[in-house]
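So the structure is just underneath, and the comments pick up after that.
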2 protein chains.
Amino acid sequence: MHESIPGFAMPPEDEVRRVADAMRMLSDPTRVKILWALLQGESSVACLAELVGAAPTAVSQHLSKLRLSGLVENRREGTFVYYTVEDPAVRDVLQRMLGRSPATAG
Amino acid sequence: MHESIPGFAMPPEDEVRRVADAMRMLSDPTRVKILWALLQGESSVACLAELVGAAPTAVSQHLSKLRLSGLVENRREGTFVYYTVEDPAVRDVLQRMLGRSPATAG
DNA sequence: GGACCATCCGCGCAGTCGCGCAGGTATCGT
DNA sequence: ACGATACCTGCGCGACTGCGCGGATGGTCC
């Protein structure tokens with residue numbers, strides 16, 4: 001062991017931590033469905049709750065975590081709050097894992 | 001709500017579950033570092049423990065979960081057990097999130 | 001102003017995770 | 001067979017997570 005492979009170094013701890021943290025946001029089926037739905041375009045909390053088949057409260061909490069992680073953006077319009085996915089890495093990862101999106105071809 | 005967007009359907013529950021399960025394997029910094037090191041080539045448990053800066057027992061447990069999830073393969077050579085990453089999706093996702101690997105060009 | 005709706009927040013519970021510890025298994029050298 | 005090495009596995013503890021519940025907040029309409 002302890003070979004010191006030339007030209008190989010572990011990424012910095014902060015970056016690894018950031019990646020693991022982002023992946024943790026994708027480790028819940030409800031969040032995956034939320035983000036998948038958001039790949040089709042912006043949507044509100046109640047609409048997302050219908051789409052993913054979860055309670056609005058749970059969806060709101062998931063969106064709160066996703067927002068704190070910087071994976072989604074929110075925009076208020078009257079009583080509704082519309083969320084969007086801006087991070088291109090999330091788009092690529094989800095499309096690669098779930099098969100390419102049928103509606104985001106344009 | 002309940003708009004019934006044409007041409008859009010949620011992926012099947014099993015597939016979403018599978019993706020979330022795979023992502024959960026990438027949600028731990030130690031596992032991310034293990035897989036990143038394995039992208040450079042196969043390695044043994046003790047060597048990985050040195051590379052990622054974790055106890056061999058913890059690394060072995062992580063590798064066990066990764067093996068059960070089908071993300072890594074193992075090959076025994078004497079008393080050593082060498083692990084490899086075969087899943088191309090894992091390679092792509094990690095390289096996309098951590099920056100392209102410098103040593104996996106071949 | 002009051003009624004109402006969509007959303008957010010704090011609390012609590014059950015389930016899961018990571019990891020250290022101790023004991024077991026596989027393989028090689030003598 | 002015996003010991004040494006490298007690894008795996010079951011158990012327990014502390015910490016975290018998802019979610020339901022009740023209450024608070026921001027906004028619209030009458």
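Just so we're on the same page: first chain in the structure tokens is A, next is B, and so on; residues restart at 1 for each chain, and ligands are numbered from 1 in the order they show up.
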Tell me which protein, DNA and RNA residues are within 12 Å of segment 47-64 of chain A, counting only C-alpha atoms (C1' of nucleotides), leaving out same-chain ones fewer than 4 positions away, and put them as a VMD selection string.
(chain A and resid 24 to 43 68 to 74 80 to 85) or (chain B and resid 1 to 5 8 to 13 16) or (chain C and resid 6 to 9) or (chain D and resid 17 to 21)
How about saving the chosen residues, C-alpha atoms (C1' of nucleotides) kept, as a compact mmCIF listing (two decimals), in the first residue's frame?
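So again.txt came out as:
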```txt
# COMPACT_ATOMS: atom_id res chain seq x y z
CA ARG A 24 -27.73 12.94 -1.03
CA MET A 25 -30.37 15.27 -2.43
CA LEU A 26 -30.88 12.71 -5.22
CA SER A 27 -31.04 9.75 -2.84
CA ASP A 28 -34.77 10.01 -2.14
CA PRO A 29 -37.37 8.75 -4.63
CA THR A 30 -39.70 11.67 -3.95
CA ARG A 31 -36.93 14.19 -4.63
CA VAL A 32 -35.91 12.33 -7.79
CA LYS A 33 -39.50 12.51 -9.03
CA ILE A 34 -39.73 16.18 -8.07
CA LEU A 35 -36.57 17.04 -9.96
CA TRP A 36 -37.59 14.90 -12.91
CA ALA A 37 -40.88 16.73 -13.12
CA LEU A 38 -39.05 20.06 -12.84
CA LEU A 39 -36.88 19.07 -15.82
CA GLN A 40 -40.03 19.41 -17.92
CA GLY A 41 -40.44 23.00 -16.72
CA GLU A 42 -41.34 25.04 -13.67
CA SER A 43 -44.13 23.90 -11.39
CA LEU A 68 -30.80 25.17 0.50
CA SER A 69 -28.56 22.88 -1.55
CA GLY A 70 -28.83 25.23 -4.50
CA LEU A 71 -30.33 22.59 -6.79
CA VAL A 72 -33.58 24.47 -7.44
CA GLU A 73 -34.68 28.09 -7.72
CA ASN A 74 -38.06 29.48 -6.68
CA PHE A 80 -48.12 30.20 -5.91
CA VAL A 81 -44.41 29.48 -5.71
CA TYR A 82 -42.90 28.07 -8.88
CA TYR A 83 -39.71 26.04 -8.71
CA THR A 84 -37.15 25.39 -11.43
CA VAL A 85 -33.97 23.36 -11.92
CA MET B 1 -53.06 21.50 -10.89
CA HIS B 2 -53.56 18.07 -12.42
CA GLU B 3 -52.78 19.46 -15.84
CA SER B 4 -52.00 16.19 -17.67
CA ILE B 5 -49.12 17.60 -19.68
CA PHE B 8 -45.03 13.63 -20.09
CA ALA B 9 -45.22 10.75 -17.66
CA MET B 10 -43.38 9.99 -14.45
CA PRO B 11 -40.89 7.13 -14.83
CA PRO B 12 -41.95 3.81 -13.29
CA GLU B 13 -41.60 3.54 -9.54
CA VAL B 16 -36.97 5.90 -9.70
C1' DA C 6 -50.91 27.93 -0.93
C1' DT C 7 -46.90 27.54 1.34
C1' DC C 8 -43.51 27.42 5.11
C1' DC C 9 -41.80 26.21 9.84
C1' DT D 17 -33.65 11.59 7.66
C1' DG D 18 -38.47 11.50 5.88
C1' DC D 19 -42.89 12.53 7.11
C1' DG D 20 -47.13 13.58 9.57
C1' DC D 21 -49.14 17.05 12.46
```
Give the residues of chain D that lie within 8 Å of chain A; count only C-alpha atoms (C1' of nucleotides), and format the answer as a list of chain:residue names.
D:DC19, D:DG26, D:DG27, D:DT28
Report as a short mmCIF file (atom, residue, chain, number, x, y, z; two decimals) with C-alpha atoms, in the first residue's frame all protein, DNA and RNA residues lying within 7 Å of Val19 of chain B, evaluated on only C-alpha atoms (C1' of nucleotides), omitting residues in the same chain fewer than 4 positions from it.
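The resulting result-v8.cif:
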```cif
data_model
loop_
_atom_site.label_atom_id
_atom_site.label_comp_id
_atom_site.auth_asym_id
_atom_site.auth_seq_id
_atom_site.Cartn_x
_atom_site.Cartn_y
_atom_site.Cartn_z
CA MET A 97 -29.78 7.77 -14.93
CA GLU B 15 -36.71 2.84 -11.94
CA MET B 23 -27.46 7.93 -5.70
#
```
Could you pull out the strand (DSSP E) residues of chain A, going by DSSP on the backbone, and write them as a VMD selection string?
chain A and resid 43 to 44 72 to 77 80 to 85
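Separating atom CA of Leu94 of chain B from atom CA of Arg17 of chain A is a distance of 12.8 Å.
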Determine, using only C-alpha atoms (C1' of nucleotides), which residues of chain C have any atom at most 12 Å from an atom of chain B, and tabulate each with its shortest atom pair and distance in Å to one decimal place, rows ordered by chain and then rising number, as CSV.
```
residue,atom,partner,partner_atom,distance
C:DT16,C1',B:Arg24,CA,11.7
C:DC17,C1',B:Asp28,CA,9.8
C:DG18,C1',B:Ala58,CA,8.1
C:DC19,C1',B:Ala58,CA,6.3
C:DG20,C1',B:Thr57,CA,8.6
C:DC21,C1',B:Thr57,CA,10.1
C:DT25,C1',B:Thr79,CA,11.3
C:DA26,C1',B:Thr79,CA,7.3
C:DT27,C1',B:Thr79,CA,5.2
C:DC28,C1',B:Gly78,CA,7.1
```
Selection file, C-alpha atoms (C1' of nucleotides), as a PDB file, in the first residue's frame:
```
ATOM      1  C1'  DT C  16     -31.793   4.210   8.476  1.00  0.00           C
ATOM      2  C1'  DC C  17     -26.724   5.224   8.343  1.00  0.00           C
ATOM      3  C1'  DG C  18     -21.779   5.290   9.450  1.00  0.00           C
ATOM      4  C1'  DC C  19     -18.500   3.360  12.241  1.00  0.00           C
ATOM      5  C1'  DG C  20     -15.900   1.260  16.062  1.00  0.00           C
ATOM      6  C1'  DC C  21     -15.414  -3.144  18.233  1.00  0.00           C
ATOM      7  C1'  DT C  25     -13.260 -16.679   7.211  1.00  0.00           C
ATOM      8  C1'  DA C  26      -9.942 -17.224   3.387  1.00  0.00           C
ATOM      9  C1'  DT C  27      -5.233 -17.651   1.781  1.00  0.00           C
ATOM     10  C1'  DC C  28      -0.258 -18.103   1.952  1.00  0.00           C
TER      11       DC C  28
END
```
Write out as a PyMOL selection string all residues of chain B that DSSP puts in alpha helix (DSSP H) for this structure's backbone.
chain B and resi 13-25+29-39+45-52+56-68+88-98
